[in-house]
file entry-v2.txt (compact mmCIF, C-alpha atoms)
# COMPACT_ATOMS: atom_id res chain seq x y z
CA MET A 7 0.07 128.87 -88.37
CA ILE A 8 2.05 126.87 -90.92
CA ASP A 9 4.60 125.93 -88.26
CA VAL A 10 1.87 124.52 -85.98
CA LEU A 11 0.46 122.39 -88.81
CA LEU A 12 3.93 121.18 -89.76
CA THR A 13 4.57 120.15 -86.14
CA MET A 14 1.28 118.22 -86.10
CA MET A 15 2.37 116.40 -89.28
CA ALA A 16 5.66 115.43 -87.63
CA VAL A 17 3.77 114.08 -84.59
CA VAL A 18 1.43 112.01 -86.79
CA VAL A 19 4.38 110.54 -88.68
CA PHE A 20 6.09 109.68 -85.41
CA ALA A 21 2.94 107.80 -84.36
CA MET A 22 2.94 105.99 -87.73
CA ILE A 23 6.52 104.77 -87.20
CA ASN A 24 5.68 103.19 -83.84
CA GLN A 25 2.22 101.88 -84.67
CA ARG A 26 2.12 98.10 -85.21
CA ASN A 27 -1.52 97.79 -86.27
CA LEU A 28 -1.70 98.25 -90.05
CA PHE A 29 -5.30 99.53 -89.98
CA ALA A 30 -4.24 102.27 -87.58
CA VAL A 31 -1.26 103.10 -89.81
CA VAL A 32 -3.57 103.55 -92.82
CA VAL A 33 -5.99 105.78 -90.87
CA LEU A 34 -3.07 107.87 -89.55
CA GLY A 35 -1.94 108.14 -93.17
CA GLY A 36 -5.32 109.66 -94.02
CA ILE A 37 -4.96 112.19 -91.19
CA TYR A 38 -1.45 112.96 -92.44
CA SER A 39 -2.74 113.61 -95.96
CA PHE A 40 -5.48 115.97 -94.73
CA LEU A 41 -2.92 117.88 -92.65
CA MET A 42 -0.72 118.07 -95.74
CA ALA A 43 -3.66 119.46 -97.75
CA THR A 44 -4.26 122.11 -95.06
CA VAL A 45 -0.58 123.10 -95.12
CA LEU A 46 -0.76 123.38 -98.91
CA VAL A 47 -3.74 125.76 -98.63
CA ALA A 48 -1.71 127.85 -96.18
CA LEU A 49 1.14 127.83 -98.71
CA ASP A 50 -1.22 129.19 -101.45
CA ALA A 51 -1.09 125.93 -103.44
CA VAL A 52 -4.88 125.56 -103.66
CA ASP A 53 -4.91 123.29 -106.74
CA VAL A 54 -2.38 120.95 -105.17
CA ALA A 55 -4.31 120.95 -101.88
CA MET A 56 -7.50 119.86 -103.62
CA THR A 57 -5.68 117.06 -105.43
CA GLU A 58 -3.91 115.94 -102.24
CA ALA A 59 -7.19 115.84 -100.28
CA SER A 60 -9.01 113.80 -102.93
CA VAL A 61 -6.17 111.59 -104.18
CA GLY A 62 -3.84 111.41 -101.15
CA ALA A 63 -6.41 111.19 -98.38
CA GLY A 64 -9.25 109.63 -100.39
CA LEU A 65 -8.01 107.33 -103.13
CA SER A 66 -4.75 106.21 -101.47
CA THR A 67 -6.58 105.31 -98.24
CA VAL A 68 -9.16 103.30 -100.17
CA LEU A 69 -6.42 101.47 -102.10
CA LEU A 70 -4.51 100.68 -98.89
CA LEU A 71 -7.65 99.45 -97.11
CA GLY A 72 -8.48 97.28 -100.13
CA ALA A 73 -4.99 95.82 -100.05
CA LEU A 74 -5.31 95.13 -96.29
CA TYR A 75 -8.57 93.29 -96.97
CA LEU A 76 -7.01 91.18 -99.73
CA THR A 77 -3.83 90.36 -97.82
CA LYS A 78 -5.53 89.96 -94.43
CA GLY A 79 -2.61 91.89 -92.95
CA GLU A 80 -3.17 93.10 -89.41
CA GLU A 81 -0.06 93.35 -87.30
CA VAL A 82 3.53 94.13 -88.17
CA THR A 83 5.30 91.31 -86.39
CA GLU A 84 8.88 92.43 -85.86
CA VAL A 85 11.36 95.23 -86.22
CA ARG A 86 14.49 94.44 -88.19
CA ARG A 87 17.94 95.94 -87.61
CA PRO A 88 16.52 99.22 -86.27
CA LEU A 89 19.96 100.54 -85.33
CA ILE A 90 21.41 100.35 -88.85
CA ALA A 91 18.27 101.93 -90.29
CA LEU A 92 18.34 104.66 -87.64
CA ALA A 93 22.00 105.39 -88.35
CA VAL A 94 21.42 105.60 -92.11
CA SER A 95 18.37 107.86 -91.63
CA ILE A 96 20.15 110.21 -89.23
CA ALA A 97 23.20 110.42 -91.51
CA VAL A 98 20.98 111.33 -94.48
CA GLY A 99 19.07 113.82 -92.32
CA ALA A 100 22.27 115.47 -91.11
CA ALA A 101 23.51 115.86 -94.69
CA LEU A 102 20.16 117.38 -95.72
CA VAL A 103 20.10 119.81 -92.75
CA TYR A 104 23.64 120.87 -93.67
CA GLY A 105 22.41 121.50 -97.21
CA SER A 106 19.34 123.41 -96.02
CA LEU A 107 21.55 125.95 -94.24
CA GLY A 108 22.50 127.34 -97.66
CA LEU A 109 18.88 127.82 -98.77
CA PRO A 110 17.24 131.25 -98.72
CA ALA A 111 14.95 132.02 -95.76
CA PHE A 112 11.29 130.95 -95.95
CA SER A 113 9.24 133.38 -98.07
CA ASP A 114 12.16 135.69 -98.92
CA PRO A 115 10.93 137.80 -101.91
CA GLN A 116 14.52 138.17 -103.18
CA ALA A 117 15.04 134.37 -103.40
CA PRO A 118 15.98 133.16 -106.92
CA ILE A 119 12.73 131.15 -107.18
CA HIS A 120 10.73 134.41 -107.15
CA THR A 121 12.96 136.45 -109.47
CA HIS A 122 13.61 134.05 -112.39
CA VAL A 123 11.25 132.44 -114.92
CA VAL A 124 8.05 132.94 -112.92
CA PRO A 125 7.51 136.70 -113.60
CA ARG A 126 7.20 135.87 -117.29
CA TYR A 127 4.38 133.39 -116.62
CA LEU A 128 2.60 135.69 -114.14
CA ASN A 129 2.75 138.64 -116.56
CA ASP A 130 2.09 137.00 -119.92
CA SER A 131 0.03 133.86 -119.36
CA PRO A 132 -3.38 135.62 -118.95
CA LYS A 133 -2.78 137.40 -122.26
CA GLU A 134 -1.39 134.36 -124.07
CA THR A 135 -3.85 131.70 -122.89
CA GLY A 136 -6.85 133.64 -121.54
CA VAL A 137 -6.87 131.53 -118.36
CA PRO A 138 -6.61 133.52 -115.10
CA ASN A 139 -5.36 130.52 -113.08
CA VAL A 140 -1.64 130.29 -113.90
CA VAL A 141 -1.38 126.68 -112.63
CA THR A 142 -4.07 125.60 -115.10
CA SER A 143 -2.55 127.51 -117.99
CA VAL A 144 0.92 126.00 -117.44
CA LEU A 145 -0.45 122.49 -116.86
CA ALA A 146 -2.86 122.38 -119.78
CA SER A 147 -1.32 124.81 -122.25
CA TYR A 148 2.42 125.42 -121.94
CA ARG A 149 3.22 121.93 -120.67
CA GLY A 150 0.30 120.02 -122.17
CA PHE A 151 2.58 117.27 -123.49
CA ASP A 152 3.85 116.59 -119.96
CA THR A 153 0.27 116.09 -118.85
CA LEU A 154 -0.22 113.69 -121.76
CA GLY A 155 2.84 111.78 -120.51
CA GLU A 156 1.32 111.72 -117.03
CA THR A 157 -1.87 110.10 -118.32
CA THR A 158 0.32 107.52 -120.07
CA VAL A 159 1.87 106.67 -116.68
CA VAL A 160 -1.57 106.33 -115.10
CA PHE A 161 -2.76 104.13 -117.99
CA THR A 162 0.32 101.90 -117.73
CA SER A 163 -0.11 101.41 -114.00
CA GLY A 164 -3.83 100.72 -114.41
CA ALA A 165 -3.04 98.09 -117.06
CA GLY A 166 -0.43 96.59 -114.70
CA VAL A 167 -2.87 96.38 -111.80
CA ILE A 168 -5.51 94.70 -113.98
CA ALA A 169 -2.96 92.22 -115.36
CA LEU A 170 -1.79 91.29 -111.85
CA LEU A 171 -5.24 90.97 -110.28
CA ARG A 172 -6.92 89.18 -113.21
CA ARG A 173 -4.47 86.31 -112.97
CA ARG A 174 -5.47 86.10 -109.34
CA ARG A 175 -9.18 85.66 -110.07
CA ARG A 176 -8.51 83.05 -112.76
CA SER A 177 -6.29 80.96 -110.49
CA ARG A 178 -8.97 81.04 -107.79
CA GLU A 179 -11.64 79.87 -110.25
CA GLU A 180 -9.42 76.99 -111.33
CA SER A 181 -8.82 75.90 -107.76
CA GLU A 182 -12.56 75.89 -107.14
CA LYS A 183 -13.08 73.51 -110.05
CA MET B 11 19.38 131.73 -90.99
CA SER B 12 17.24 131.13 -87.90
CA LEU B 13 14.77 128.61 -86.51
CA ALA B 14 11.76 130.52 -87.86
CA SER B 15 13.17 130.99 -91.36
CA HIS B 16 14.24 127.37 -91.84
CA TYR B 17 11.65 125.47 -89.76
CA SER B 18 9.66 124.31 -92.82
CA TYR B 19 12.81 122.83 -94.40
CA TRP B 20 13.65 120.94 -91.22
CA VAL B 21 10.16 119.47 -90.82
CA THR B 22 10.38 118.43 -94.48
CA ILE B 23 13.71 116.72 -93.78
CA PHE B 24 12.24 114.98 -90.71
CA LEU B 25 9.33 113.63 -92.78
CA MET B 26 11.80 112.49 -95.45
CA ILE B 27 14.05 110.53 -93.09
CA ALA B 28 11.01 109.13 -91.23
CA GLY B 29 9.81 107.69 -94.55
CA LEU B 30 13.29 106.36 -95.28
CA PHE B 31 13.46 104.76 -91.81
CA ILE B 32 10.11 103.00 -92.29
CA VAL B 33 11.19 101.67 -95.71
CA ILE B 34 14.44 100.22 -94.32
CA ALA B 35 13.44 99.07 -90.83
CA ARG B 36 9.91 97.70 -91.21
CA GLY B 37 9.55 94.28 -92.80
CA ASN B 38 5.84 94.45 -93.61
CA LEU B 39 5.39 95.24 -97.32
CA VAL B 40 2.24 97.38 -96.85
CA LYS B 41 4.00 99.44 -94.20
CA LYS B 42 6.99 99.84 -96.50
CA LEU B 43 4.67 101.32 -99.15
CA VAL B 44 3.19 103.70 -96.54
CA GLY B 45 6.76 104.79 -95.69
CA LEU B 46 7.48 105.35 -99.37
CA GLY B 47 4.34 107.52 -99.48
CA ILE B 48 5.58 109.65 -96.56
CA PHE B 49 8.92 110.13 -98.32
CA GLN B 50 7.06 111.17 -101.45
CA THR B 51 4.76 113.68 -99.73
CA SER B 52 7.75 115.28 -97.99
CA VAL B 53 9.03 116.13 -101.48
CA TYR B 54 5.78 118.05 -102.11
CA LEU B 55 6.65 120.32 -99.18
CA LEU B 56 10.27 120.62 -100.33
CA TYR B 57 9.03 122.03 -103.66
CA ILE B 58 6.08 124.13 -102.56
CA ALA B 59 7.32 125.75 -99.32
CA PRO B 60 10.02 127.87 -101.07
CA GLY B 61 7.40 129.13 -103.55
CA LYS B 62 5.31 130.77 -100.81
CA LEU B 63 5.41 134.56 -100.55
CA ILE B 64 4.17 136.14 -97.31
CA GLY B 65 1.47 138.62 -98.29
CA GLY B 66 1.06 136.85 -101.61
CA THR B 67 -2.02 134.98 -102.74
CA ALA B 68 -2.81 131.87 -104.77
CA PRO B 69 -1.61 132.29 -108.38
CA ILE B 70 -4.97 133.18 -109.91
CA ILE B 71 -4.60 136.52 -111.68
CA ALA B 72 -7.22 139.05 -110.56
CA SER B 73 -7.37 142.80 -110.28
CA GLY B 74 -6.59 144.11 -106.82
CA PHE B 75 -3.77 141.61 -106.19
CA ARG B 76 -0.15 142.17 -107.09
CA ALA B 77 1.90 139.53 -105.22
CA TYR B 78 1.37 135.89 -106.14
CA SER B 79 3.05 132.74 -104.84
CA ASN B 80 5.11 130.83 -107.37
CA PRO B 81 2.82 128.61 -109.52
CA LEU B 82 5.53 126.49 -111.19
CA PRO B 83 6.20 124.13 -108.22
CA HIS B 84 2.43 123.63 -107.94
CA VAL B 85 2.31 122.35 -111.52
CA LEU B 86 5.19 119.92 -110.94
CA ILE B 87 3.66 118.56 -107.73
CA LEU B 88 0.18 118.12 -109.24
CA THR B 89 1.81 115.69 -111.69
CA ALA B 90 3.79 114.05 -108.87
CA ILE B 91 0.66 113.36 -106.78
CA VAL B 92 -1.12 111.59 -109.64
CA VAL B 93 1.95 109.57 -110.59
CA GLY B 94 2.41 108.74 -106.89
CA VAL B 95 -1.03 107.18 -106.54
CA ALA B 96 -0.44 105.23 -109.77
CA THR B 97 2.77 103.70 -108.39
CA LEU B 98 1.06 103.02 -105.04
CA ALA B 99 -1.73 101.11 -106.80
CA LEU B 100 0.77 99.03 -108.78
CA GLY B 101 2.84 98.36 -105.65
CA LEU B 102 -0.21 97.19 -103.70
CA ALA B 103 -1.26 94.91 -106.56
CA ILE B 104 2.20 93.32 -106.46
CA VAL B 105 1.86 92.91 -102.66
CA VAL B 106 -1.47 91.11 -103.18
CA ARG B 107 0.23 88.75 -105.66
CA ILE B 108 3.11 88.13 -103.25
CA ARG B 109 0.65 87.29 -100.49
CA GLU B 110 -0.98 84.75 -102.78
CA ALA B 111 2.28 83.10 -103.77
CA TYR B 112 3.89 83.06 -100.31
CA GLY B 113 0.96 83.34 -97.88
CA THR B 114 2.62 86.24 -96.06
CA ILE B 115 3.59 89.89 -96.61
CA GLU B 116 6.43 89.89 -94.05
CA GLU B 117 9.77 90.32 -95.79
CA VAL B 118 11.65 87.99 -93.41
CA GLU B 119 9.26 85.08 -93.98
CA ILE B 120 9.36 85.59 -97.76
CA LEU B 121 13.16 85.51 -97.82
CA GLU B 122 13.15 82.42 -95.58
CA GLN B 123 10.81 80.57 -97.95
CA ASP B 124 13.04 81.50 -100.91
CA ARG B 125 16.10 80.20 -99.09
CA ARG B 126 14.37 76.94 -98.21
CA GLU B 127 13.37 76.39 -101.84
CA GLU B 128 16.90 76.97 -103.06
CA ALA B 129 18.40 74.54 -100.55
call {"tool": "encode", "arguments": {"input": "entry-v2.txt", "output": "structure tokens"}}
result
Amino acid sequence: MIDVLLTMMAVVVFAMINQRNLFAVVVLGGIYSFLMATVLVALDAVDVAMTEASVGAGLSTVLLLGALYLTKGEEVTEVRRPLIALAVSIAVGAALVYGSLGLPAFSDPQAPIHTHVVPRYLNDSPKETGVPNVVTSVLASYRGFDTLGETTVVFTSGAGVIALLRRRRRSREESEK
Amino acid sequence: MSLASHYSYWVTIFLMIAGLFIVIARGNLVKKLVGLGIFQTSVYLLYIAPGKLIGGTAPIIASGFRAYSNPLPHVLILTAIVVGVATLALGLAIVVRIREAYGTIEEVEILEQDRREEA
């Protein structure tokens, strides 16, 4: 089941590489994000899947379409130095595949990720925080300051976007005068 | 080590290098940002796939369930998704500004205009 979905994701990404029309690329990106959300549900990451479906497939697609409207971008005109890029990508991929050979098998219960740190959270967090969802209790309680830092990042980027796009409106008004 | 046990890692790696390839080889700035997004989402899989436990369930503690998938990667990736859309928004705003200043979002044409100004 997961393998089939992962293969579909790879096919969609392959189509995105070759697609020249930017609108089609953005729509394929939305399909890719929904497939990713489905894979995440299959991997038991329900909170992440909900966020990916709303933020990845929803908000990102809207932002990209808005940018396409503002830049009037339609077609990617040319491909630059594809051979060098291909060589670099394949070299990186080969190094990563070599590294993946040392990883434990998928869903091995004896893998270190399942035997260290996490049993403490699974056993104690309902007692300590009173929240049955462990993801929520870690995000909002144990690592609440990290989440505060995350909102700082979002605020900074929002301020940056407003600063960049406000200048734009002002310069257009001046040119109209 | 077999195809079935490592397939998820290899698809993750394919997505990663596909994103890398788009960032290097495509000159259109919007498409570069899409490639960066693919690279970023492949990292979600890299973190979350090892946390899955066959026969486990989502990490919401309830009576009747004993095996849960690992919740800690989920927490990290929730933060990564939100930060990712924040950087995407900022990147697109910069692309809109570049389009205004240069009249194009193709990297080659932008570099050419810069060179002509310097000369």
call {"tool": "atom_distance", "arguments": {"input": "entry-v2.txt", "atom1": "atom CA of A:Glu80", "atom2": "atom CA of A:Ala30"}}
result
9.4 Å
call {"tool": "residues_around", "arguments": {"input": "entry-v2.txt", "residues": "stretch 112-125 of chain A", "least_positions_apart": "5", "cutoff": "7 Å", "atoms": "all atoms listed in the file", "output": "list in words"}}
result
Ser15, His16, Pro60, Gly61, Lys62, Leu63, Ile64 and Asn80 of chain B
call {"tool": "closest_residue", "arguments": {"input": "entry-v2.txt", "among": "A:Val52, A:Met14, A:Val47, A:Met42", "to": "A:Asn139", "atoms": "all atoms listed in the file"}}
result
A:Val52
call {"tool": "closest_residue", "arguments": {"input": "entry-v2.txt", "among": "B:Ile87, B:Ala72, B:Leu98, B:Val53", "to": "B:Lys41", "atoms": "all atoms listed in the file"}}
result
B:Leu98
call {"tool": "atom_distance", "arguments": {"input": "entry-v2.txt", "atom1": "atom CA of B:Ile34", "atom2": "atom CA of B:Arg109"}}
result
19.9 Å
call {"tool": "atom_distance", "arguments": {"input": "entry-v2.txt", "atom1": "atom CA of A:Arg172", "atom2": "atom CA of A:Val33"}}
result
27.8 Å
call {"tool": "closest_residue", "arguments": {"input": "entry-v2.txt", "among": "B:Ala129, B:Ala111, B:Ile71, B:Ala90", "to": "chain A", "atoms": "all atoms listed in the file"}}
result
B:Ile71
call {"tool": "closest_residue", "arguments": {"input": "entry-v2.txt", "among": "B:Leu121, B:Leu39, B:Val21, B:Leu86", "to": "B:Ile104", "atoms": "all atoms listed in the file"}}
result
B:Leu39
call {"tool": "closest_residue", "arguments": {"input": "entry-v2.txt", "among": "A:Leu102, A:Val144, A:Val10, A:Ala43", "to": "B:Val85", "atoms": "all atoms listed in the file"}}
result
A:Val144
call {"tool": "closest_residue", "arguments": {"input": "entry-v2.txt", "among": "A:Thr142, A:Ala91, A:Gly105, A:Val45", "to": "B:His84", "atoms": "only C-alpha atoms"}}
result
A:Thr142
call {"tool": "residues_around", "arguments": {"input": "entry-v2.txt", "residues": "B:Thr89", "least_positions_apart": "4", "cutoff": "8 Å", "atoms": "only C-alpha atoms", "output": "list in words"}}
result
Thr153 and Glu156 of chain A; Val85 and Val93 of chain B
call {"tool": "residues_around", "arguments": {"input": "entry-v2.txt", "residues": "A:Ala100", "least_positions_apart": "5", "cutoff": "10 Å", "atoms": "all atoms listed in the file", "output": "count of residues only"}}
result
6
call {"tool": "residues_near_point", "arguments": {"input": "entry-v2.txt", "point": "(-3.1, 134.7, -104.6)", "cutoff": "8 Å", "atoms": "all atoms listed in the file", "output": "VMD selection string"}}
result
(chain A and resid 50) or (chain B and resid 66 to 71 75 77 to 79)
call {"tool": "residues_around", "arguments": {"input": "entry-v2.txt", "residues": "A:Met22", "least_positions_apart": "3", "cutoff": "7 Å", "atoms": "all atoms listed in the file", "output": "ChimeraX atom specification"}}
result
/A:18-19,25,31,34
call {"tool": "residues_around", "arguments": {"input": "entry-v2.txt", "residues": "A:Thr13", "least_positions_apart": "5", "cutoff": "12 Å", "atoms": "only C-alpha atoms", "output": "short mmCIF file (atom, residue, chain, number, x, y, z; two decimals) with C-alpha atoms, in the frame of the given file"}}
result
data_model
loop_
_atom_site.label_atom_id
_atom_site.label_comp_id
_atom_site.auth_asym_id
_atom_site.auth_seq_id
_atom_site.Cartn_x
_atom_site.Cartn_y
_atom_site.Cartn_z
CA MET A 7 0.07 128.87 -88.37
CA ILE A 8 2.05 126.87 -90.92
CA VAL A 18 1.43 112.01 -86.79
CA VAL A 19 4.38 110.54 -88.68
CA PHE A 20 6.09 109.68 -85.41
CA TYR A 38 -1.45 112.96 -92.44
CA LEU A 41 -2.92 117.88 -92.65
CA MET A 42 -0.72 118.07 -95.74
CA VAL A 45 -0.58 123.10 -95.12
CA TYR B 17 11.65 125.47 -89.76
CA SER B 18 9.66 124.31 -92.82
CA TYR B 19 12.81 122.83 -94.40
CA TRP B 20 13.65 120.94 -91.22
CA VAL B 21 10.16 119.47 -90.82
CA THR B 22 10.38 118.43 -94.48
CA PHE B 24 12.24 114.98 -90.71
CA LEU B 25 9.33 113.63 -92.78
#
call {"tool": "build_atoms", "arguments": {"input": "entry-v2.txt", "residues": "stretch 82-93 of chain B", "atoms": "all heavy atoms", "output": "CSV table (one decimal), in the frame of the given file"}}
result
chain,number,residue,atom,x,y,z
B,82,LEU,N,4.9,127.6,-110.5
B,82,LEU,CA,5.5,126.5,-111.2
B,82,LEU,C,5.7,125.2,-110.3
B,82,LEU,O,5.5,124.1,-110.8
B,82,LEU,CB,6.8,127.0,-111.8
B,82,LEU,CG,6.6,128.2,-112.7
B,82,LEU,CD1,8.0,128.6,-113.3
B,82,LEU,CD2,5.7,127.8,-113.9
B,83,PRO,N,6.1,125.4,-109.0
B,83,PRO,CA,6.2,124.1,-108.2
B,83,PRO,C,4.8,123.4,-108.1
B,83,PRO,O,4.8,122.2,-108.1
B,83,PRO,CB,6.7,124.6,-106.8
B,83,PRO,CG,7.3,125.9,-107.1
B,83,PRO,CD,6.6,126.5,-108.3
B,84,HIS,N,3.8,124.2,-108.1
B,84,HIS,CA,2.4,123.6,-107.9
B,84,HIS,C,2.2,122.7,-109.1
B,84,HIS,O,1.6,121.6,-109.0
B,84,HIS,CB,1.3,124.7,-107.9
B,84,HIS,CG,1.5,125.7,-106.8
B,84,HIS,ND1,0.7,126.8,-106.6
B,84,HIS,CD2,2.5,125.8,-105.8
B,84,HIS,CE1,1.1,127.5,-105.6
B,84,HIS,NE2,2.2,126.9,-105.1
B,85,VAL,N,2.5,123.2,-110.3
B,85,VAL,CA,2.3,122.4,-111.5
B,85,VAL,C,3.1,121.0,-111.4
B,85,VAL,O,2.5,120.0,-111.7
B,85,VAL,CB,2.7,123.1,-112.8
B,85,VAL,CG1,2.5,122.3,-114.0
B,85,VAL,CG2,2.0,124.4,-112.9
B,86,LEU,N,4.4,121.1,-111.0
B,86,LEU,CA,5.2,119.9,-110.9
B,86,LEU,C,4.6,118.9,-109.9
B,86,LEU,O,4.5,117.7,-110.2
B,86,LEU,CB,6.6,120.3,-110.5
B,86,LEU,CG,7.4,121.1,-111.5
B,86,LEU,CD1,8.7,121.5,-110.8
B,86,LEU,CD2,7.7,120.3,-112.7
B,87,ILE,N,4.1,119.5,-108.8
B,87,ILE,CA,3.7,118.6,-107.7
B,87,ILE,C,2.3,118.0,-108.0
B,87,ILE,O,2.0,116.8,-107.6
B,87,ILE,CB,3.7,119.3,-106.4
B,87,ILE,CG1,5.1,119.7,-106.0
B,87,ILE,CG2,3.1,118.5,-105.3
B,87,ILE,CD1,6.1,118.6,-106.1
B,88,LEU,N,1.5,118.7,-108.8
B,88,LEU,CA,0.2,118.1,-109.2
B,88,LEU,C,0.5,116.8,-110.0
B,88,LEU,O,-0.2,115.8,-109.8
B,88,LEU,CB,-0.6,119.1,-110.1
B,88,LEU,CG,-1.5,120.1,-109.4
B,88,LEU,CD1,-2.1,121.0,-110.5
B,88,LEU,CD2,-2.6,119.4,-108.7
B,89,THR,N,1.4,116.9,-110.9
B,89,THR,CA,1.8,115.7,-111.7
B,89,THR,C,2.3,114.6,-110.8
B,89,THR,O,2.0,113.4,-110.9
B,89,THR,CB,2.9,116.0,-112.7
B,89,THR,OG1,2.4,117.1,-113.5
B,89,THR,CG2,3.1,114.9,-113.6
B,90,ALA,N,3.2,115.0,-109.8
B,90,ALA,CA,3.8,114.0,-108.9
B,90,ALA,C,2.7,113.3,-108.0
B,90,ALA,O,2.9,112.1,-107.8
B,90,ALA,CB,4.8,114.7,-107.9
B,91,ILE,N,1.7,114.0,-107.6
B,91,ILE,CA,0.7,113.4,-106.8
B,91,ILE,C,0.0,112.3,-107.6
B,91,ILE,O,-0.2,111.1,-107.1
B,91,ILE,CB,-0.4,114.4,-106.3
B,91,ILE,CG1,0.2,115.3,-105.3
B,91,ILE,CG2,-1.6,113.7,-105.7
B,91,ILE,CD1,-0.7,116.4,-104.8
B,92,VAL,N,-0.4,112.6,-108.8
B,92,VAL,CA,-1.1,111.6,-109.6
B,92,VAL,C,-0.2,110.4,-110.0
B,92,VAL,O,-0.7,109.2,-109.9
B,92,VAL,CB,-1.7,112.3,-110.9
B,92,VAL,CG1,-2.3,111.3,-111.8
B,92,VAL,CG2,-2.6,113.4,-110.5
B,93,VAL,N,1.0,110.7,-110.3
B,93,VAL,CA,2.0,109.6,-110.6
B,93,VAL,C,2.2,108.7,-109.3
B,93,VAL,O,2.3,107.5,-109.4
B,93,VAL,CB,3.3,110.1,-111.2
B,93,VAL,CG1,4.3,109.0,-111.2
B,93,VAL,CG2,3.0,110.7,-112.5
